[in-house]
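Structure file protein.txt; described as compact mmCIF, C-alpha atoms.
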# COMPACT_ATOMS: atom_id res chain seq x y z
CA MET A 1 191.88 -79.86 196.23
CA ALA A 2 194.39 -82.73 196.37
CA GLY A 3 196.98 -80.52 194.71
CA ARG A 4 196.35 -77.78 197.27
CA ILE A 5 196.85 -80.21 200.13
CA VAL A 6 200.15 -81.31 198.64
CA GLU A 7 201.30 -77.69 198.24
CA LEU A 8 200.49 -76.91 201.89
CA SER A 9 202.39 -79.98 203.03
CA VAL A 10 205.37 -79.02 200.89
CA ALA A 11 205.39 -75.50 202.28
CA ALA A 12 205.57 -76.90 205.79
CA GLY A 13 208.72 -78.92 205.03
CA SER A 14 208.98 -82.68 204.99
CA VAL A 15 205.81 -84.72 204.65
CA PRO A 16 204.89 -87.92 206.48
CA ALA A 17 206.04 -91.19 204.91
CA VAL A 18 203.55 -92.34 202.27
CA ASN A 19 203.26 -95.29 199.93
CA ARG A 20 204.91 -95.11 196.54
CA THR A 21 201.79 -94.38 194.50
CA ASP A 22 200.89 -91.40 196.67
CA ARG A 23 204.49 -90.20 196.60
CA LEU A 24 204.61 -90.30 192.78
CA TYR A 25 201.43 -88.22 192.67
CA ALA A 26 202.86 -85.76 195.21
CA ILE A 27 206.18 -85.43 193.33
CA VAL A 28 204.36 -84.47 190.14
CA GLU A 29 202.35 -81.80 191.97
CA ASP A 30 205.47 -80.59 193.78
CA LEU A 31 207.31 -80.14 190.47
CA ARG A 32 204.26 -78.44 188.97
CA ALA A 33 204.04 -76.01 191.90
CA SER A 34 207.73 -75.06 191.64
CA ALA A 35 207.86 -74.83 187.83
CA PRO A 36 209.83 -73.54 186.05
CA ARG A 37 212.33 -73.83 188.92
CA PRO A 38 213.80 -77.34 189.25
CA ARG A 39 213.89 -79.44 192.42
CA SER A 40 217.00 -81.46 193.22
CA ALA A 41 216.83 -85.12 194.16
CA ARG A 42 218.19 -84.17 197.59
CA GLN A 43 215.42 -81.61 198.13
CA LEU A 44 212.73 -84.09 197.15
CA ALA A 45 214.32 -86.83 199.24
CA GLY A 46 214.31 -84.63 202.33
CA ARG A 47 210.72 -83.59 201.72
CA TYR A 48 209.41 -87.15 201.39
CA GLU A 49 211.81 -88.72 203.90
CA VAL A 50 213.34 -91.19 201.45
CA SER A 51 216.78 -91.54 199.88
CA ALA A 52 217.91 -89.60 196.82
CA ARG A 53 218.26 -92.94 195.05
CA THR A 54 214.58 -93.65 195.72
CA ILE A 55 213.64 -90.28 194.24
CA GLU A 56 215.71 -91.06 191.14
CA ARG A 57 213.84 -94.34 190.71
CA ASP A 58 210.53 -92.50 191.18
CA ILE A 59 211.47 -89.94 188.53
CA LEU A 60 212.42 -92.74 186.11
CA ALA A 61 209.04 -94.44 186.73
CA LEU A 62 207.22 -91.17 186.01
CA GLN A 63 209.19 -90.64 182.80
CA GLU A 64 208.47 -94.21 181.64
CA SER A 65 204.75 -93.65 182.24
CA GLY A 66 204.82 -90.58 179.99
CA VAL A 67 204.99 -87.75 182.56
CA PRO A 68 207.12 -84.97 180.99
CA VAL A 69 209.76 -84.72 183.74
CA TYR A 70 213.26 -83.73 182.63
CA ALA A 71 216.61 -83.11 184.30
CA GLU A 72 218.36 -79.72 184.26
CA PRO A 73 222.15 -80.00 184.63
CA GLY A 74 224.34 -77.66 186.65
CA ARG A 75 224.83 -76.60 190.25
CA ARG A 76 221.32 -75.17 190.45
CA GLY A 77 219.83 -77.95 188.37
CA GLY A 78 217.50 -80.74 189.29
CA TYR A 79 214.20 -82.12 188.06
CA ALA A 80 211.51 -80.03 186.40
CA ILE A 81 208.21 -80.68 184.69
CA ASP A 82 206.83 -79.23 181.47
CA THR A 83 203.56 -77.70 182.70
CA THR A 84 202.37 -77.13 179.14
CA MET A 85 202.29 -80.91 178.66
CA THR A 86 200.57 -81.90 181.88
CA LEU A 87 197.13 -81.53 183.36
CA PRO A 88 196.35 -79.96 186.73
CA PRO A 89 195.11 -82.48 189.35
CA VAL A 90 192.26 -84.50 187.84
CA ASN A 91 190.32 -86.88 190.05
CA PHE A 92 189.58 -89.98 188.00
CA THR A 93 187.01 -92.22 189.63
CA ALA A 94 187.57 -95.95 190.01
CA ALA A 95 184.93 -96.55 187.32
CA GLU A 96 186.71 -94.19 184.90
CA MET A 97 189.99 -96.05 185.37
CA VAL A 98 188.25 -99.37 184.83
CA ALA A 99 186.51 -97.98 181.73
CA ILE A 100 189.89 -97.26 180.11
CA ALA A 101 191.18 -100.74 180.94
CA VAL A 102 188.01 -102.38 179.60
CA ALA A 103 188.17 -100.37 176.36
CA LEU A 104 191.75 -101.52 175.90
CA ALA A 105 190.97 -105.18 176.64
CA ARG A 106 187.97 -105.24 174.30
CA ASP A 107 189.99 -104.32 171.25
CA GLU A 108 193.77 -104.61 171.41
CA ARG A 109 193.83 -104.51 167.59
CA THR A 110 192.88 -100.84 167.36
CA PRO A 111 195.73 -98.62 166.10
CA PHE A 112 195.21 -96.53 169.24
CA ALA A 113 195.84 -99.43 171.66
CA ALA A 114 199.33 -98.17 172.54
CA ALA A 115 197.97 -94.67 173.20
CA THR A 116 195.18 -96.08 175.38
CA ARG A 117 197.72 -98.12 177.34
CA SER A 118 199.88 -95.02 177.83
CA ALA A 119 196.86 -93.00 179.01
CA LEU A 120 195.98 -95.68 181.55
CA ARG A 121 199.53 -95.72 182.91
CA LYS A 122 199.46 -91.95 183.35
CA VAL A 123 196.12 -92.07 185.15
CA LEU A 124 197.31 -94.81 187.49
CA ALA A 125 200.57 -92.99 188.20
CA ALA A 126 198.66 -89.91 189.34
CA ALA A 127 195.79 -91.65 191.14
CA PRO A 128 195.68 -91.77 194.94
CA ALA A 129 196.14 -95.23 196.43
CA ALA A 130 192.54 -95.41 197.63
CA GLN A 131 191.21 -94.80 194.11
CA THR A 132 193.54 -97.40 192.64
CA ALA A 133 192.49 -99.98 195.23
CA GLU A 134 188.81 -99.34 194.49
CA ALA A 135 189.45 -99.67 190.76
CA ALA A 136 191.27 -102.97 191.33
CA GLN A 137 188.31 -104.26 193.33
CA LEU A 138 185.86 -103.28 190.59
CA ILE A 139 187.85 -104.59 187.63
CA ASP A 140 188.10 -107.97 189.36
CA ARG A 141 184.31 -108.16 188.80
CA VAL A 142 184.44 -107.67 185.02
CA ARG A 143 184.54 -110.47 182.45
CA LEU A 144 184.65 -110.11 178.66
CA ILE A 145 183.23 -113.04 176.67
CA SER A 146 184.90 -113.67 173.31
CA MET A 147 182.94 -115.12 170.43
CA ALA A 148 184.31 -118.24 168.72
CA SER A 149 183.12 -116.90 165.36
CA PRO A 150 183.35 -113.17 164.51
CA GLY A 151 179.98 -111.54 164.05
CA ARG A 152 178.09 -114.34 165.85
CA ASP A 153 177.31 -112.27 168.94
CA GLU A 154 173.76 -111.82 167.70
CA ALA A 155 173.22 -115.45 168.73
CA VAL A 156 172.96 -114.28 172.34
CA PRO A 157 169.18 -114.05 172.70
CA ALA A 158 167.40 -110.94 173.88
CA ALA A 159 166.00 -113.14 176.61
CA ALA A 160 164.73 -113.13 180.13
CA ALA A 161 167.28 -113.51 182.87
CA GLY A 162 168.89 -116.90 182.50
CA THR A 163 171.89 -119.05 183.19
CA VAL A 164 175.05 -118.38 181.20
CA THR A 165 176.13 -121.38 179.15
CA ALA A 166 178.41 -122.25 176.28
CA PRO A 167 176.88 -124.60 173.70
CA ALA A 168 178.62 -127.74 172.53
CA GLY A 169 180.70 -127.44 169.41
CA GLY A 170 182.50 -124.25 170.37
CA GLY A 171 179.73 -121.84 169.35
CA PRO A 172 179.21 -118.47 170.99
CA ALA A 173 178.37 -118.26 174.68
CA ARG A 174 174.65 -117.90 175.29
CA VAL A 175 172.42 -116.53 177.96
CA GLY A 176 169.80 -119.24 178.32
CA THR A 177 166.16 -118.48 179.06
CA GLU A 178 164.51 -119.89 182.14
CA ALA A 179 162.57 -123.08 181.52
CA ALA A 180 160.40 -122.74 184.59
CA ALA A 181 157.26 -120.66 184.49
CA PRO A 182 157.60 -117.30 186.29
CA ARG A 183 156.83 -117.48 189.97
CA GLY A 184 155.88 -114.83 192.51
CA GLY A 185 156.84 -111.21 191.92
CA THR A 186 155.81 -111.10 188.27
CA ALA A 187 153.80 -108.21 186.87
CA ARG A 188 151.55 -109.08 183.94
CA PRO A 189 151.56 -106.81 180.85
CA GLY A 190 149.27 -103.87 181.44
CA SER A 191 149.28 -104.21 185.22
CA ALA A 192 149.75 -101.25 187.52
CA ARG A 193 153.19 -102.52 188.52
CA GLU A 194 154.32 -102.80 184.91
CA ARG A 195 153.03 -99.35 184.07
CA ALA A 196 154.91 -97.99 187.08
CA ALA A 197 158.06 -99.86 186.05
CA SER A 198 157.80 -98.61 182.48
CA ARG A 199 158.35 -95.08 183.72
CA TRP A 200 161.93 -96.16 184.31
CA ALA A 201 162.35 -97.15 180.65
CA GLY A 202 165.16 -95.28 178.93
CA PRO A 203 167.03 -94.11 182.05
CA GLN A 204 169.77 -91.56 181.73
CA PRO A 205 172.94 -93.14 180.27
CA GLY A 206 174.96 -94.87 182.97
CA GLY A 207 172.27 -94.47 185.62
CA VAL A 208 171.47 -98.11 186.28
CA PRO A 209 175.05 -99.43 185.86
CA LEU A 210 176.30 -96.89 188.45
CA VAL A 211 173.85 -98.23 191.03
CA ILE A 212 174.93 -101.77 190.18
CA GLN A 213 178.61 -100.86 190.33
CA GLU A 214 178.23 -99.34 193.78
CA ALA A 215 176.25 -102.35 195.03
CA ILE A 216 178.89 -104.77 193.69
CA THR A 217 181.77 -103.00 195.42
CA ALA A 218 179.76 -102.49 198.63
CA GLY A 219 178.44 -106.06 198.66
CA HIS A 220 174.78 -104.99 198.83
CA VAL A 221 171.60 -106.70 197.64
CA LEU A 222 169.91 -105.04 194.64
CA ARG A 223 166.19 -104.85 193.91
CA LEU A 224 165.57 -104.98 190.16
CA ASP A 225 162.57 -104.32 187.94
CA TYR A 226 163.43 -106.52 184.97
CA ARG A 227 161.59 -106.87 181.64
CA ASP A 228 162.11 -110.11 179.74
CA ARG A 229 161.72 -110.75 176.00
CA HIS A 230 158.04 -111.60 176.54
CA ASP A 231 157.48 -108.12 178.04
CA GLN A 232 156.87 -109.58 181.49
CA VAL A 233 158.26 -107.48 184.32
CA THR A 234 159.52 -109.20 187.46
CA VAL A 235 160.63 -107.54 190.65
CA ARG A 236 163.37 -109.51 192.32
CA GLU A 237 166.21 -109.17 194.78
CA VAL A 238 169.64 -110.24 193.54
CA GLU A 239 173.13 -110.48 194.96
CA PRO A 240 175.29 -108.80 192.27
CA VAL A 241 178.60 -110.47 191.54
CA ALA A 242 180.07 -109.28 188.23
CA PHE A 243 179.62 -107.52 184.91
CA ALA A 244 180.00 -109.64 181.76
CA ALA A 245 180.07 -108.43 178.18
CA THR A 246 179.78 -109.95 174.74
CA ARG A 247 180.42 -107.98 171.57
CA ASN A 248 177.06 -106.19 171.69
CA GLN A 249 175.59 -106.63 175.16
CA TRP A 250 176.45 -106.12 178.81
CA TYR A 251 175.04 -108.35 181.53
CA LEU A 252 174.86 -108.39 185.30
CA LEU A 253 175.80 -111.79 186.71
CA ALA A 254 174.10 -112.33 190.04
CA TRP A 255 172.54 -114.78 192.45
CA CYS A 256 168.79 -114.36 192.08
CA ARG A 257 166.90 -114.81 195.33
CA LEU A 258 163.60 -115.27 193.50
CA ARG A 259 164.90 -118.11 191.30
CA GLN A 260 167.40 -119.38 193.88
CA GLY A 261 170.12 -119.66 191.27
CA SER A 262 172.74 -117.87 189.17
CA ARG A 263 171.26 -115.59 186.54
CA ALA A 264 172.43 -113.14 183.89
CA PHE A 265 170.46 -109.90 183.47
CA ARG A 266 170.82 -107.81 180.33
CA LEU A 267 171.54 -104.27 181.47
CA ASP A 268 169.31 -102.69 178.84
CA ARG A 269 166.36 -104.70 180.19
CA ILE A 270 166.76 -103.48 183.77
CA LEU A 271 164.02 -100.89 184.20
CA ALA A 272 164.97 -99.91 187.72
CA ALA A 273 167.68 -100.83 190.21
CA VAL A 274 167.65 -99.93 193.88
CA ASP A 275 170.43 -100.55 196.39
CA THR A 276 168.63 -102.06 199.39
CA ARG A 277 171.67 -101.46 201.63
CA VAL A 278 171.26 -105.05 202.83
CA THR A 279 174.60 -106.84 203.03
CA ALA A 280 174.78 -109.81 200.67
CA PRO A 281 176.73 -113.00 201.43
CA PRO A 282 180.18 -112.80 199.86
CA ARG A 283 180.17 -114.39 196.41
CA ALA A 284 182.89 -114.56 193.78
CA TYR A 285 182.58 -115.11 190.03
CA ARG A 286 183.62 -118.76 190.42
CA ASP A 287 180.77 -119.30 192.91
CA LEU A 288 178.21 -118.72 190.15
CA ASP A 289 179.22 -121.87 188.26
CA VAL A 290 179.15 -120.01 184.95
CA ASP A 291 179.30 -122.59 182.17
CA ILE A 292 181.60 -120.70 179.80
CA PRO A 293 185.08 -122.09 178.95
CA ASP A 294 187.93 -120.07 180.41
CA ALA A 295 189.41 -119.83 176.91
CA LEU A 296 186.52 -117.53 175.93
CA ILE A 297 186.92 -115.24 178.95
CA THR A 298 189.13 -112.16 179.04
CA ARG A 299 189.80 -110.36 182.30
CA PRO A 300 190.71 -106.67 181.91
CA ASP A 301 193.81 -105.63 183.81
CA LEU A 302 194.96 -102.33 185.27
CA HIS A 303 198.61 -103.40 185.04
CA VAL A 304 199.34 -102.77 181.37
Would it be possible to restate this file's structure as structure tokens?
Amino acid sequence: MAGRIVELSVAAGSVPAVNRTDRLYAIVEDLRASAPRPRSARQLAGRYEVSARTIERDILALQESGVPVYAEPGRRGGYAIDTTMTLPPVNFTAAEMVAIAVALARDERTPFAAATRSALRKVLAAAPAAQTAEAAQLIDRVRLISMASPGRDEAVPAAAAGTVTAPAGGGPARVGTEAAAPRGGTARPGSARERAASRWAGPQPGGVPLVIQEAITAGHVLRLDYRDRHDQVTVREVEPVAFAATRNQWYLLAWCRLRQGSRAFRLDRILAAVDTRVTAPPRAYRDLDVDIPDALITRPDLHV
């Protein structure tokens, strides 16, 4: 659909001034629509109401990001794109862009790291500005926790929601269990509430994280059904702040209204998550007072 809109705009002549990211996307679709005929820098400059020099810089940026744009010499020459080496318009979601960046950040040692980095650059070059902005907002809420000793990630307990701490002596970061006895909102094993919650066990892959992702970016309060390591299910409202990951587990870092404190919830123990549509007070990662040294934290980045 985006490609069709671009083609209609091109057919009508010049297009309104747009930001650079949108212009790069439009240039690629313009060259695809005219292939195999080339477009001169002057033609593209007139169409996008910029200078020919700006178009040349845009073309260079596309080539550096891996887009197969080449120059044809001669009086009728210009810029063309190899359509056999490019995809038609593909709408990557913000979460899909973040997923590529997270995969890259989690293991830079893979022999495919350079290819992953190249793929991310291509996706970002073609993405509309609104999608890129949403991805930047989401990736700012992701933290990767490195282990001091390889293979020690199993030390993170399969616990109830708890505060995130780093033990003395440089050991692996832990998710600590709550010392206080459960308060209101707890369902005892075998209760009607627990049986109802258990019907959410084994949700479709990605189901719960998608709800959480949307609540984080929208700034909404979540209602969770959460099962701890003692098989107790609590229903609580939380203000989601960030995703955090160790080698083997993903957590939701949030302000728990039931416990009146920062808590980490293992995603695979969340039985149900509902966006209440209630606006949560603005909270940043630093507001949670997470007791993990900055040296153990990696922040994925879209700018690779």
Quick one: distance from CA of Arg121 in chain A to CA of Glu72 in chain A in Å, one decimal?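 Answer for the CA of Arg121 in chain A to CA of Glu72 in chain A separation: 24.7 Å.
Candidate residues A:Gln213, A:Thr54, A:Thr234, A:Ser146 were compared for distance to Ala295 in chain A, and the nearest is A:Ser146, using all atoms listed in the file.
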Write out as JSON lines a residue-level contact list of range 193-283 of chain A versus range 126-143 of chain A with cut-off 8 Å: for each qualifying residue the closest pair of atoms and the distance in Å to one decimal, counting all atoms listed in the file, rows sorted by chain and residue number upward.
{"residue": "A:Gln213", "atom": "CA", "partner": "A:Leu138", "partner_atom": "CA", "distance": 7.6}
{"residue": "A:Ile216", "atom": "CA", "partner": "A:Leu138", "partner_atom": "CA", "distance": 7.8}
{"residue": "A:Thr217", "atom": "CA", "partner": "A:Leu138", "partner_atom": "CA", "distance": 6.3}
{"residue": "A:Val241", "atom": "CA", "partner": "A:Arg141", "partner_atom": "CA", "distance": 6.7}
{"residue": "A:Ala242", "atom": "CA", "partner": "A:Arg141", "partner_atom": "CA", "distance": 4.4}
{"residue": "A:Phe243", "atom": "CA", "partner": "A:Val142", "partner_atom": "CA", "distance": 4.8}
{"residue": "A:Ala244", "atom": "CA", "partner": "A:Arg143", "partner_atom": "CA", "distance": 4.7}
{"residue": "A:Ala245", "atom": "CA", "partner": "A:Arg143", "partner_atom": "CA", "distance": 6.5}
Selected residues written out with C-alpha atoms, as a PDB file, in the frame of the given file:
ATOM      1  CA  GLN A 213     178.610-100.860 190.330  1.00  0.00           C
ATOM      2  CA  ILE A 216     178.890-104.770 193.690  1.00  0.00           C
ATOM      3  CA  THR A 217     181.770-103.000 195.420  1.00  0.00           C
ATOM      4  CA  VAL A 241     178.600-110.470 191.540  1.00  0.00           C
ATOM      5  CA  ALA A 242     180.070-109.280 188.230  1.00  0.00           C
ATOM      6  CA  PHE A 243     179.620-107.520 184.910  1.00  0.00           C
ATOM      7  CA  ALA A 244     180.000-109.640 181.760  1.00  0.00           C
ATOM      8  CA  ALA A 245     180.070-108.430 178.180  1.00  0.00           C
TER       9      ALA A 245
END
Find the residues around range 61-70 of chain A up to 6 Å (only C-alpha atoms counted), leave out those fewer than 3 positions away in its own chain, and share them as a PyMOL selection string. chain A and resi 58+79-82+121-122
May I have the selected residues written with C-alpha atoms, as a PDB file, in the coordinates of the input?
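Final output, saved to selection.pdb:
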ATOM      1  CA  ASP A  58     210.530 -92.500 191.180  1.00  0.00           C
ATOM      2  CA  TYR A  79     214.200 -82.120 188.060  1.00  0.00           C
ATOM      3  CA  ALA A  80     211.510 -80.030 186.400  1.00  0.00           C
ATOM      4  CA  ILE A  81     208.210 -80.680 184.690  1.00  0.00           C
ATOM      5  CA  ASP A  82     206.830 -79.230 181.470  1.00  0.00           C
ATOM      6  CA  ARG A 121     199.530 -95.720 182.910  1.00  0.00           C
ATOM      7  CA  LYS A 122     199.460 -91.950 183.350  1.00  0.00           C
TER       8      LYS A 122
END
Would you work out the distance separating CA of Leu302 in chain A from CA of Thr110 in chain A, expressed in Å to one decimal? 18.1 Å
Would you mind reading off the distance between CA of Ala273 in chain A and CA of Ala94 in chain A, one decimal, in Å?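 For CA of Ala273 in chain A relative to CA of Ala94 in chain A, the distance reads 20.5 Å.
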Selected residue of minimal separation from Ala125 in chain A among A:Arg277, A:Arg42, A:His303, A:Arg47, counting only C-alpha atoms: A:His303
Of the listed residues A:Ile59, A:Leu252, A:Ile145, A:Val221, that which approaches Thr279 in chain A most closely, counting only C-alpha atoms: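 Among the listed residues, the smallest separation from Thr279 in chain A belongs to A:Val221.
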Measuring atom to atom with all atoms listed in the file, identify which of A:Leu210, A:Ala103, A:Trp255, A:Ile270 is nearest to Gln232 in chain A. A:Ile270
